[in-house]
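S.K.: Take this structure, written in structure tokens, and hold onto it; I'll ask about it next.
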Amino acid sequence: MENKIATLVVLAVFLCGVTIPVRSEYHSESSQGFHLKEKVTHLHFYLFDILSGKIPTAVEVAHPNITIGAKSATPFGHVYAIDDPLREGPDANSKVIGNAQGLYLSSSQGDKLTLVLYADFGFTTGKFSGSSISVFSRNPVTEPKREVAVVGGRGKFRMARGYAEIKTHSLNTTSGDAVLEYRVTVVHY
């Protein structure tokens with residue numbers, strides 16, 4: 001019986017010793033083959049966020065079970081799903097170049113409206129067609145110029161990082177409809 005236990009212990013030690021070098025070798029090989037050149041791309045477009053009308057591009061999907069903050073077009077704790085068109089210019093007839101899909105959350109309790117934005121900005125025309133950038137950031141809407149973080153991407157923007165400067169081009173304070181100018185700097189491979 002002791003002989004069987006001793007054999008099992010030796011076998012277990014041997015197997016542990018064999019797997020450690022194999023795992024280490026695997027990881028060291030995979031990290032050697034990743035050498036891509038970074039590129040910097042500058043994008044400029046307008047996002048149309050429409051809360052009103054028969055075909056809104058942003059709709060409320062959740063709200064808190066309280067009445068505090070209900071005076072604003074986007075009161076605290078409300079969550080909106082978006083499918084906002086991205087256009088070349090600020091005119092509603094400008095060419096559509098993509099869309100932003102995701103969520104934003106009204107996250108401020110005070111007078112200064114702040115949203116937390118989680119969105120994928122997908123491009124449908126031009127050299128970046130089929131590619132997108134991902135934004136996950138705080139957006140202090142009442143500031144004239146603000147910045148949000150680009151945290152990823154896909155397609156030609158795979159492994160992207162960067163930032164977007166946002167300026168409100170127009171805002172209807174009654175309906176919440178807005179046209180936002182985006183100037184984006186993206187670092188990608």
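Going by the structure tokens order, chains are called A, B, ..., each with residues numbered from 1, while ligands are numbered from 1 in the order shown.
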Just the residues within 7 Å of region 62-64 of chain A, please, counting only C-alpha atoms, with nothing from its chain fewer than 4 positions along; format it as an MDAnalysis selection string.
M.R.: chainID A and resid 77:79
S.K.: Those residues you just picked out, can you put them in a file as a tab-separated table (two decimals), in the first residue's frame with all heavy atoms?
M.R.:
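Just written: result_6.tsv:
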```tsv
chain	number	residue	atom	x	y	z
A	77	GLY	N	-30.56	59.07	-13.00
A	77	GLY	CA	-30.89	57.65	-12.90
A	77	GLY	C	-31.57	57.07	-14.11
A	77	GLY	O	-31.79	55.86	-14.18
A	78	HIS	N	-31.89	57.87	-15.10
A	78	HIS	CA	-32.56	57.36	-16.30
A	78	HIS	C	-31.52	56.79	-17.27
A	78	HIS	O	-30.43	57.34	-17.43
A	78	HIS	CB	-33.37	58.45	-16.97
A	78	HIS	CG	-34.59	58.82	-16.20
A	78	HIS	ND1	-35.84	58.84	-16.75
A	78	HIS	CD2	-34.76	59.19	-14.89
A	78	HIS	CE1	-36.73	59.19	-15.83
A	78	HIS	NE2	-36.09	59.41	-14.70
A	79	VAL	N	-31.87	55.69	-17.91
A	79	VAL	CA	-31.00	55.02	-18.86
A	79	VAL	C	-31.66	55.06	-20.24
A	79	VAL	O	-32.85	54.77	-20.36
A	79	VAL	CB	-30.73	53.56	-18.45
A	79	VAL	CG1	-29.83	52.86	-19.47
A	79	VAL	CG2	-30.11	53.48	-17.06
```
S.K.: Excluding region 170-186 of chain A and any residue of its chain fewer than 3 positions from it, enumerate the residues within 6 Å of it, using only C-alpha atoms, and give them as an MDAnalysis selection string.
M.R.: chainID A and resid 40:52 73 161:167
S.K.: I need the residue nearest Val59 (chain A) from this list: A:Ile97, A:Lys37, A:Leu103, A:Pro90. Use only C-alpha atoms for the distance.
M.R.: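 Nearest candidate to Val59 (chain A) out of A:Ile97, A:Lys37, A:Leu103, A:Pro90: A:Leu103.
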S.K.: List every residue of region 68-169 of chain A that DSSP, applied to the backbone, labels as helix (DSSP H, G or I), and write the result as a ChimeraX atom specification.
M.R.: /A:126-128,155-157
S.K.: Next, dump the selected residues to file, keeping only N, CA, C and O atoms, as a CSV table (one decimal), in the first residue's frame.
M.R.:
```
chain,number,residue,atom,x,y,z
A,126,GLY,N,-16.8,54.8,-46.6
A,126,GLY,CA,-15.4,55.3,-46.6
A,126,GLY,C,-14.4,54.2,-46.3
A,126,GLY,O,-14.8,53.0,-46.2
A,127,LYS,N,-13.2,54.6,-46.0
A,127,LYS,CA,-12.1,53.6,-45.8
A,127,LYS,C,-12.3,52.9,-44.4
A,127,LYS,O,-11.6,51.9,-44.2
A,128,PHE,N,-13.1,53.4,-43.5
A,128,PHE,CA,-13.3,52.8,-42.2
A,128,PHE,C,-14.6,52.0,-42.2
A,128,PHE,O,-15.1,51.6,-41.1
A,155,GLY,N,-12.2,46.1,-36.3
A,155,GLY,CA,-11.9,46.3,-37.7
A,155,GLY,C,-10.6,47.0,-37.8
A,155,GLY,O,-9.6,46.7,-37.1
A,156,LYS,N,-10.5,48.1,-38.6
A,156,LYS,CA,-9.3,48.9,-38.7
A,156,LYS,C,-8.9,49.6,-37.4
A,156,LYS,O,-7.8,50.1,-37.3
A,157,PHE,N,-9.8,49.7,-36.5
A,157,PHE,CA,-9.5,50.3,-35.2
A,157,PHE,C,-9.3,49.3,-34.1
A,157,PHE,O,-9.5,49.6,-32.9
```
